[in-house]
Amino acid sequence: MSETTLPGAGTDFYQRSVAGTDEGEQQLRPRSELSAKELMREIGSVLRMSEADAAKLGDLPDDPDEDQTMIINMGPQHPSTHGVLRLMLELQGETVLRCKPIIGYLHTGMEKTGEHLTYAQGGTNVTRMDYLSPIANELAFAMATEKLLGIDGDIPERAVWIRMLMAEMSRMASHLLFMATNGMDLGAVSMMIYGWREREEVLRFFQEVTGLRMNHNYIRPGGVAADLPAGWRDGVLEILDMLPDRLDEYDTLMTGQPIWRERLQGVGVITPQEAVALGATGPILRSTGVEWDLRRDQPYMHYDEMEFDVIVGSYGDAFDRYAIRLAEIRESMRIVRQILDRMPAGDYRIQDKKVTPPPRARIDESMEALIHHFKIFTEGFKVPEGEAYVGIEGPRGEIGCYIVSDGSATPYRMHMREPSFVNIQCLPHMMRGGLVADAVAVISSVDPVLGGVDR
Amino acid sequence: MSDPQDVRHVARDEYLATVKALADEGYAMCIDLTAVDYLELPQRQLPEGAEPAQRFEVVVNLLDLGNRRRLRLRVQVPEDDATLPTLFDVHPGTEAMEREVFDMFGIEFSDHPDLTRILMPEDWVGHPLRKDYEIGRIPVQFKGADA
Amino acid sequence: MGIVNDVLDDGLGGLSHNVITGKLEDLVNWSRSRSSWPASFGLACCAIEMMATGGAHYDISRFGMEVFRASPRQADIMIVAGRVSQKMAPVLRQVYDQMMEPKWVISMGVCASSGGMFNNYAIVQGVDQIVPIDVYAPGCPPTPETLIHAIETLHGLIETNQILKRREATGAGANVHVEYIEPGSAPTPVLLGAKK
């Protein structure tokens with residue numbers, strides 16, 4: 001290790017980096033020091049019992065001796081965690097007793113950065129939180145900004161329908177990625193190739209429409225950044241024609257297959273009470289039997305006019321979550337077909353000069369357009385004082401954006417309620433009593449995206 | 001400009017009781033718990049009957065699944081005594097959210113089972129989302145610009 | 001590669017001799033560059049594009065790199081894909097130290113190269129503060145074409161063995177910057193496996 005010749009070798013930063021990690025207060029305390037309180041913290045939703053009952057917890061071999069358990073660290077760099085998630089597992093043999101997720105390895109200070117970016121730039125920041133479905137983050141942020149501006153009823157119809165189209169395509173891309181990573185984590189390595197093959201088609205559509213494959217900053221306050229290009233219908237129809245056969249292939253490869261079922265059924269079970277108590281939303285909540293989908297229950301945009309089913313599981317296990325997401329791809333395709341039929345003509349963004357930049361050609365003609373363009377892109381448009389929260393249904397659950405505005409061009413406080421941050425809390429409950437090999441299956445079925453967890 | 005019908009201002013000493021009562025009423029899920037540092041907006045207007053404005057405000061977002069309604073609670077937290085009772089006993093899902101608020105703002109939640117930093121490293125000093133904490137930019141030289 | 005041209009022109013009859021002489025070092029470098037295994041260090045959005053590069057459309061398997069080794073002991077190239085936060089920096093260094101020589105580092109994306117759009121307290125402003133970097137690939141995220149360009153540049157440098165010599169002397173990496181390649185500017189991949 002040639003540490004003496006590395007640039008910055010003598011600096012304090014280098015010494016801290018080389019010195020290694022230390023758990024500090026995150027250390028999972030050994031069983032001898034276990035109090036009922038710590039048990040309750042790790043098995044939180046069983047909390048409605050008294051402390052004495054929680055300490056007993058009869059479904060596990062009671063009170064193994066300390067030297068029979070082992071505390072193992074999994075991550076943060078590990079092929080089977082979805083990003084840099086670190087888990088401290090307490091094992092007795094192969095059985096997981098307690099589990100503590102340690103996060104923060106991808107903390108980017110996005111909420112602080114959001115306070116220094118204007119509302120038009122905010123999309124670039126927010127879109128990198130849940131980077132698997134970037135459109136959903138941008139949508140939540142744009143809708144919250146529009147609520148504060150008071151224009152949320154005035155967004156042109158075409159813009160709303162385009163947003164719905166992009167949101168559903170983003171959901172499809174995210175669930176296809178889930179298929180790929182879930183398959184690979186459980187050993188069906190070829191799923192990785194198949195899932196990505198399908199996802200590439202959706203990404204190619206995104207590239208045609210938004211210019212980028214990921215992290216688009218396409219949905220902006222006031223509408224969308226650019227109109228759909230000519231020939232977009234063909235692109236969408238190509239995807240819709242190709243996908244059903246491929247999804248049937250996945251069914252053949254995975255859903256009916258005994259090995260897949262053995263690995264996923266009964267693994268990572270969570271009860272509806274636990275899920276609601278922990279704040280889990282999205283496929284996790286629906287897999288327990290609770291029918292909650294914001295697109296149907298608190299509809300936004302034109303989801304109340306769309307015909308689609310809300311897929312609900314019954315056992316709350318990993319297989320249900322897998323099946324729900326596979327079915328949700330089909331439901332998204334159904335919604336996209338309806339959008340294709342009903343896409344209206346019109347403006348793709350609101351014509352409010354204070355919010356939307358003028359078309360580029362007008363800048364040469366009109367002084368006023370030039371000034372508006374300049375002001376919007378350098379200073380940003382000002383948003384009236386107030387606070388607003390908007391929650392939408394992202395692929396992982398409810399993505400919410402809470403913005404507090406002080407009347408200036410940058411948000412005073414921008415907070416994103418990310419579903420993965422809350423869903424990670426379900427991991428200890430799902431892993432208790434299971435095998436270590438199922439830990440990977442459980443994490444994969446929760447489908448966390450660490451960019452959203454850590455922000 | 002916020003939605004007047006679903007925001008409620010709660011006093012700090014009634015906070016836990018209110019949340020418990022709401023949970024019994026049907027607001028079974030706590031969607032979000034976050035905080036705002038109003039250091040730079042001391043003159044902000046709160047509705048009549050609400051507590052006087054303090055530096056920190058903790059915002060709790062509750063969801064009633066049965067009746068499909070949301071409620072937002074806002075609690076004022078003073079700077080010199082930045083503590084609040086924990087909601088962990090009512091909504092276990094607030095455990096990570098309260099840890100994040102503690103990490104980012106320094107607001108302590110009494111009786112929280114594990115109030116430690118969650119996003120920043122263990123030995124970090126300071127609370128990043130406070131308004132008096134610098135964003136930490138380093139000067140950047142752009143290509144082609146004069147140094 | 002005169003022998004290759006001879007065979008291409010005349011077939012096996014073009015081989016005038018069946019003994020090749022050369023330097024062992026050349027052979028070793030040739031094989032190192034064509035079979036370098038990446039250590040999986042995907043952190044954020046760039047990791048998704050890195051996985052896409054491993055997928056069927058872009059296929060880094062043709063460069064010998066499709067096996068992302070989980071264990072750093074078995075890996076040659078560390079592709080730092082994504083933003084490195086303060087908490088992750090010591091972990092990054094530990095993984096780098098665990099890799100066996102010879103090892104190279106590609107900094108993928110602007111967040112790894114310079115902190116990217118996140119010029120704040122939470123992100124290390126450039127992974128070159130922690131490990132010596134050989135190739136910087138720009139983009140947010142870099143398209144798979146850009147990543148392949150960076151990888152191929154690195155492979156070219158590996159073949160000449162200059163990087164390792166320089167690192168022994170100065171401890172620094174090669175510090176090569178590649179250009180960003182627009183998505184779709186390379187020949188468009190066909191719809192694979194279409195079943196009608």
# chains A, B, ... in the order shown; residues from 1 in each chain; ligands from 1
call {"tool": "select_by_dssp", "arguments": {"residues": "chain B", "states": "strand (DSSP E or B)", "output": "VMD selection string"}}
result
chain B and resid 7 to 10 29 to 37 56 to 64 69 to 77 83 to 85 108 to 110
call {"tool": "closest_atom_pairs", "arguments": {"of": "segment 347-453 of chain A", "to": "segment 114-130 of chain B", "cutoff": "12 Å", "atoms": "only C-alpha atoms", "output": "CSV"}}
result
residue,atom,partner,partner_atom,distance
A:Tyr412,CA,B:Leu129,CA,11.0
A:Arg413,CA,B:Leu129,CA,9.1
A:Met414,CA,B:Leu129,CA,10.5
A:His415,CA,B:Leu129,CA,10.6
A:Phe421,CA,B:Leu119,CA,11.0
A:Leu450,CA,B:Leu119,CA,11.5
A:Gly451,CA,B:Leu119,CA,11.8
A:Gly452,CA,B:Leu119,CA,11.9
A:Val453,CA,B:Leu119,CA,9.3
call {"tool": "interface_residues", "arguments": {"of": "chain C", "to": "chain B", "cutoff": "6 Å", "atoms": "only C-alpha atoms", "output": "PDB file with C-alpha atoms, in the first residue's frame"}}
result
ATOM      1  CA  LYS C  87     -19.899   7.690   5.287  1.00  0.00           C
ATOM      2  CA  ASN C 119     -21.264  20.478  -4.335  1.00  0.00           C
ATOM      3  CA  ASN C 120     -22.124  20.169  -0.659  1.00  0.00           C
ATOM      4  CA  TYR C 121     -21.198  18.816   2.732  1.00  0.00           C
TER       5      TYR C 121
END
call {"tool": "closest_atom_pairs", "arguments": {"of": "chain B", "to": "chain A", "cutoff": "6 Å", "atoms": "only C-alpha atoms", "output": "JSON lines"}}
result
{"residue": "B:Met1", "atom": "CA", "partner": "A:Gly386", "partner_atom": "CA", "distance": 4.9}
{"residue": "B:Ser2", "atom": "CA", "partner": "A:Glu387", "partner_atom": "CA", "distance": 5.1}
{"residue": "B:Met29", "atom": "CA", "partner": "A:Gly279", "partner_atom": "CA", "distance": 5.7}
{"residue": "B:Cys30", "atom": "CA", "partner": "A:Gly279", "partner_atom": "CA", "distance": 5.9}
{"residue": "B:Ile31", "atom": "CA", "partner": "A:Gly279", "partner_atom": "CA", "distance": 5.8}
{"residue": "B:His91", "atom": "CA", "partner": "A:Ala277", "partner_atom": "CA", "distance": 5.5}
{"residue": "B:Pro92", "atom": "CA", "partner": "A:Leu278", "partner_atom": "CA", "distance": 5.4}
{"residue": "B:Gly93", "atom": "CA", "partner": "A:Leu278", "partner_atom": "CA", "distance": 3.6}
{"residue": "B:Pro113", "atom": "CA", "partner": "A:Arg41", "partner_atom": "CA", "distance": 5.7}
{"residue": "B:Leu119", "atom": "CA", "partner": "A:Gly104", "partner_atom": "CA", "distance": 3.8}
call {"tool": "residues_around", "arguments": {"residues": "segment 99-111 of chain C", "least_positions_apart": "6", "cutoff": "6 Å", "atoms": "only C-alpha atoms", "output": "PyMOL selection string"}}
result
chain C and resi 72-73+76-81+83+133-142
call {"tool": "write_last_selection", "arguments": {"atoms": "N, CA and C atoms", "output": "compact mmCIF listing (two decimals), in the first residue's frame"}}
result
# COMPACT_ATOMS: atom_id res chain seq x y z
N PRO C 72 -13.51 -8.19 -3.60
CA PRO C 72 -12.46 -7.36 -4.21
C PRO C 72 -11.18 -8.11 -4.45
N ARG C 73 -10.98 -9.21 -3.73
CA ARG C 73 -9.75 -9.96 -3.93
C ARG C 73 -9.64 -10.54 -5.33
N ASP C 76 -10.06 -6.82 -10.75
CA ASP C 76 -8.94 -6.03 -11.27
C ASP C 76 -9.27 -4.56 -11.37
N ILE C 77 -10.46 -4.28 -11.89
CA ILE C 77 -10.83 -2.88 -12.10
C ILE C 77 -11.91 -2.51 -11.09
N MET C 78 -11.79 -1.39 -10.45
CA MET C 78 -12.88 -0.91 -9.62
C MET C 78 -13.55 0.23 -10.36
N ILE C 79 -14.79 0.03 -10.73
CA ILE C 79 -15.54 1.10 -11.40
C ILE C 79 -16.36 1.79 -10.32
N VAL C 80 -15.93 2.97 -9.92
CA VAL C 80 -16.67 3.70 -8.88
C VAL C 80 -17.84 4.37 -9.58
N ALA C 81 -19.01 3.75 -9.42
CA ALA C 81 -20.17 4.22 -10.17
C ALA C 81 -21.13 4.88 -9.22
N ARG C 83 -22.26 8.52 -6.58
CA ARG C 83 -21.76 9.53 -5.66
C ARG C 83 -21.25 8.86 -4.39
N ILE C 133 -7.04 7.52 -9.64
CA ILE C 133 -7.97 7.21 -10.73
C ILE C 133 -7.20 7.11 -12.03
N ASP C 134 -7.60 6.15 -12.85
CA ASP C 134 -6.96 6.02 -14.14
C ASP C 134 -7.76 6.64 -15.27
N VAL C 135 -9.06 6.42 -15.29
CA VAL C 135 -9.87 7.02 -16.35
C VAL C 135 -11.09 7.67 -15.72
N TYR C 136 -11.37 8.89 -16.17
CA TYR C 136 -12.59 9.58 -15.71
C TYR C 136 -13.61 9.52 -16.84
N ALA C 137 -14.79 9.06 -16.56
CA ALA C 137 -15.84 9.03 -17.58
C ALA C 137 -16.90 10.05 -17.19
N PRO C 138 -17.14 11.06 -18.02
CA PRO C 138 -18.12 12.07 -17.66
C PRO C 138 -19.52 11.64 -18.04
N GLY C 139 -20.49 12.36 -17.50
CA GLY C 139 -21.88 12.07 -17.84
C GLY C 139 -22.69 11.94 -16.56
N CYS C 140 -23.98 12.19 -16.67
CA CYS C 140 -24.80 12.09 -15.47
C CYS C 140 -26.13 11.44 -15.82
N PRO C 141 -26.21 10.13 -15.93
CA PRO C 141 -25.12 9.18 -15.88
C PRO C 141 -24.45 9.03 -17.23
N PRO C 142 -23.22 8.51 -17.28
CA PRO C 142 -22.59 8.28 -18.58
C PRO C 142 -23.41 7.24 -19.32
call {"tool": "atom_distance", "arguments": {"atom1": "atom CA of Thr124 of chain A", "atom2": "atom CA of Asp59 of chain C"}}
result
28.7 Å
call {"tool": "select_by_dssp", "arguments": {"residues": "segment 164-395 of chain A", "states": "helix (DSSP H, G or I)", "output": "PyMOL selection string"}}
result
chain A and resi 164-186+190-210+232-255+258-264+272-278+283-287+294-297+303-305+318-342+360-365+367-379
call {"tool": "write_last_selection", "arguments": {"atoms": "C-alpha atoms", "output": "CSV table (one decimal), in the first residue's frame"}}
result
chain,number,residue,atom,x,y,z
A,164,MET,CA,-49.5,10.2,-17.0
A,165,LEU,CA,-47.9,8.4,-19.9
A,166,MET,CA,-44.4,9.0,-18.7
A,167,ALA,CA,-45.3,8.1,-15.1
A,168,GLU,CA,-46.7,4.7,-16.2
A,169,MET,CA,-43.8,4.0,-18.5
A,170,SER,CA,-41.4,4.8,-15.6
A,171,ARG,CA,-43.4,2.4,-13.4
A,172,MET,CA,-43.0,-0.3,-16.1
A,173,ALA,CA,-39.3,0.3,-16.3
A,174,SER,CA,-38.9,0.2,-12.6
A,175,HIS,CA,-40.8,-3.0,-12.2
A,176,LEU,CA,-38.9,-4.6,-15.1
A,177,LEU,CA,-35.7,-3.8,-13.2
A,178,PHE,CA,-37.3,-5.3,-10.1
A,179,MET,CA,-37.9,-8.5,-12.1
A,180,ALA,CA,-34.3,-8.5,-13.2
A,181,THR,CA,-32.7,-7.9,-9.8
A,182,ASN,CA,-35.1,-10.1,-8.0
A,183,GLY,CA,-34.3,-12.9,-10.4
A,184,MET,CA,-30.6,-12.4,-10.1
A,185,ASP,CA,-30.7,-12.3,-6.3
A,186,LEU,CA,-32.5,-15.5,-6.1
A,190,SER,CA,-30.6,-14.9,-16.8
A,191,MET,CA,-33.5,-12.8,-15.6
A,192,MET,CA,-31.0,-10.0,-15.3
A,193,ILE,CA,-30.4,-10.1,-19.0
A,194,TYR,CA,-34.1,-10.4,-19.8
A,195,GLY,CA,-35.3,-7.7,-17.5
A,196,TRP,CA,-32.6,-5.3,-18.9
A,197,ARG,CA,-33.5,-6.2,-22.4
A,198,GLU,CA,-37.0,-5.1,-21.9
A,199,ARG,CA,-36.0,-2.0,-19.9
A,200,GLU,CA,-33.7,-0.9,-22.7
A,201,GLU,CA,-36.7,-0.5,-25.0
A,202,VAL,CA,-38.5,1.7,-22.4
A,203,LEU,CA,-35.3,3.7,-21.9
A,204,ARG,CA,-35.0,4.2,-25.7
A,205,PHE,CA,-38.5,5.6,-25.6
A,206,PHE,CA,-37.5,7.9,-22.8
A,207,GLN,CA,-34.4,9.0,-24.7
A,208,GLU,CA,-36.5,9.9,-27.8
A,209,VAL,CA,-38.9,11.9,-25.7
A,210,THR,CA,-36.8,13.5,-23.0
A,232,TRP,CA,-44.0,8.6,-30.4
A,233,ARG,CA,-47.1,6.4,-30.9
A,234,ASP,CA,-45.1,3.9,-32.8
A,235,GLY,CA,-42.6,3.8,-30.1
A,236,VAL,CA,-45.1,3.1,-27.5
A,237,LEU,CA,-47.0,0.6,-29.6
A,238,GLU,CA,-43.8,-1.3,-30.3
A,239,ILE,CA,-43.2,-1.6,-26.5
A,240,LEU,CA,-46.8,-2.6,-25.9
A,241,ASP,CA,-46.7,-5.3,-28.6
A,242,MET,CA,-43.4,-6.7,-27.4
A,243,LEU,CA,-44.0,-6.9,-23.7
A,244,PRO,CA,-46.9,-9.3,-23.2
A,245,ASP,CA,-45.1,-12.2,-24.8
A,246,ARG,CA,-42.0,-11.4,-22.7
A,247,LEU,CA,-44.1,-11.2,-19.5
A,248,ASP,CA,-45.5,-14.6,-20.4
A,249,GLU,CA,-41.9,-15.8,-20.7
A,250,TYR,CA,-41.3,-14.6,-17.2
A,251,ASP,CA,-44.3,-16.5,-16.0
A,252,THR,CA,-43.0,-19.6,-17.5
A,253,LEU,CA,-39.5,-19.1,-16.2
A,254,MET,CA,-40.5,-18.0,-12.7
A,255,THR,CA,-44.1,-17.8,-11.5
A,258,PRO,CA,-41.4,-25.0,-8.1
A,259,ILE,CA,-38.0,-23.7,-7.1
A,260,TRP,CA,-39.1,-20.1,-7.4
A,261,ARG,CA,-42.2,-20.8,-5.3
A,262,GLU,CA,-40.2,-22.6,-2.7
A,263,ARG,CA,-37.8,-19.7,-2.4
A,264,LEU,CA,-40.4,-17.0,-2.2
A,272,PRO,CA,-51.3,-5.9,7.5
A,273,GLN,CA,-51.2,-4.5,11.0
A,274,GLU,CA,-47.5,-4.4,11.0
A,275,ALA,CA,-47.4,-2.9,7.6
A,276,VAL,CA,-49.8,-0.1,8.4
A,277,ALA,CA,-48.0,0.6,11.7
A,278,LEU,CA,-44.7,0.8,10.0
A,283,PRO,CA,-46.6,-3.3,-3.2
A,284,ILE,CA,-45.6,-4.2,0.4
A,285,LEU,CA,-48.9,-2.9,1.8
A,286,ARG,CA,-50.9,-4.4,-1.0
A,287,SER,CA,-49.3,-7.8,-0.6
A,294,LEU,CA,-53.2,6.4,-4.4
A,295,ARG,CA,-54.1,6.3,-8.0
A,296,ARG,CA,-57.5,4.9,-7.1
A,297,ASP,CA,-58.0,6.1,-3.5
A,303,TYR,CA,-56.4,8.4,-12.9
A,304,ASP,CA,-60.0,8.6,-11.9
A,305,GLU,CA,-60.9,8.3,-15.5
A,318,ALA,CA,-42.2,-12.2,-1.0
A,319,PHE,CA,-44.1,-14.2,-3.7
A,320,ASP,CA,-47.1,-11.9,-3.4
A,321,ARG,CA,-44.9,-8.9,-3.8
A,322,TYR,CA,-43.3,-10.4,-6.9
A,323,ALA,CA,-46.6,-11.3,-8.4
A,324,ILE,CA,-48.1,-7.9,-7.6
A,325,ARG,CA,-45.3,-6.1,-9.4
A,326,LEU,CA,-45.5,-8.4,-12.4
A,327,ALA,CA,-49.2,-7.8,-12.6
A,328,GLU,CA,-48.7,-4.1,-12.2
A,329,ILE,CA,-46.6,-4.1,-15.4
A,330,ARG,CA,-49.6,-5.4,-17.2
A,331,GLU,CA,-51.9,-2.9,-15.5
A,332,SER,CA,-49.6,-0.1,-16.5
A,333,MET,CA,-49.7,-1.3,-20.1
A,334,ARG,CA,-53.5,-1.2,-19.9
A,335,ILE,CA,-53.3,2.4,-18.7
A,336,VAL,CA,-50.9,3.3,-21.4
A,337,ARG,CA,-53.2,1.9,-24.1
A,338,GLN,CA,-56.0,4.1,-22.7
A,339,ILE,CA,-53.8,7.1,-22.7
A,340,LEU,CA,-52.8,6.4,-26.3
A,341,ASP,CA,-56.4,6.5,-27.3
A,342,ARG,CA,-57.2,9.6,-25.4
A,360,ARG,CA,-37.0,29.7,-28.4
A,361,ALA,CA,-38.0,31.3,-31.7
A,362,ARG,CA,-39.9,34.1,-29.9
A,363,ILE,CA,-36.7,35.2,-28.1
A,364,ASP,CA,-35.4,36.6,-31.4
A,365,GLU,CA,-38.6,38.5,-32.0
A,367,MET,CA,-37.8,41.8,-26.1
A,368,GLU,CA,-40.3,40.7,-23.4
A,369,ALA,CA,-39.8,37.1,-24.3
A,370,LEU,CA,-36.1,37.5,-23.9
A,371,ILE,CA,-36.4,39.1,-20.6
A,372,HIS,CA,-38.8,36.4,-19.3
A,373,HIS,CA,-36.5,33.7,-20.5
A,374,PHE,CA,-33.5,35.4,-18.8
A,375,LYS,CA,-35.4,35.9,-15.6
A,376,ILE,CA,-36.8,32.4,-15.4
A,377,PHE,CA,-33.4,30.7,-16.0
A,378,THR,CA,-31.2,32.9,-14.0
A,379,GLU,CA,-33.3,34.1,-11.1
call {"tool": "closest_residue", "arguments": {"among": "C:Ala112, C:Ile60, C:Val19, C:Met88", "to": "chain A", "atoms": "only C-alpha atoms"}}
result
C:Met88
call {"tool": "atom_distance", "arguments": {"atom1": "atom CA of Glu25 of chain B", "atom2": "atom CA of Arg396 of chain A"}}
result
27.3 Å
call {"tool": "atom_distance", "arguments": {"atom1": "atom CA of Glu108 of chain B", "atom2": "atom CA of Pro78 of chain B"}}
result
11.6 Å
call {"tool": "residues_around", "arguments": {"residues": "Val90 of chain B", "least_positions_apart": "4", "cutoff": "8 Å", "atoms": "only C-alpha atoms", "output": "list in words"}}
result
Val19, Lys20 and Ala23 of chain B
call {"tool": "residues_around", "arguments": {"residues": "Gln74 of chain C", "least_positions_apart": "4", "cutoff": "10 Å", "atoms": "only C-alpha atoms", "output": "VMD selection string"}}
result
chain C and resid 36 to 39 68 to 70 98 to 100
call {"tool": "residues_around", "arguments": {"residues": "Thr53 of chain C", "least_positions_apart": "2", "cutoff": "10 Å", "atoms": "only C-alpha atoms", "output": "list in words"}}
result
Trp196 of chain A; Ala47, Ile48, Glu49, Met50, Met51, Gly55, Ala56, His57, Tyr58, Asp59, Ile60, Ser61, Glu66, Thr143, Pro144, Glu145, Thr146, Leu147 and Ile148 of chain C
call {"tool": "closest_residue", "arguments": {"among": "C:Phe118, C:Tyr180, C:Trp30, C:Phe63", "to": "chain A", "atoms": "only C-alpha atoms"}}
result
C:Phe118
call {"tool": "closest_residue", "arguments": {"among": "A:Gly231, A:Pro357, A:Gly433, A:Pro79", "to": "chain C", "atoms": "only C-alpha atoms"}}
result
A:Pro79
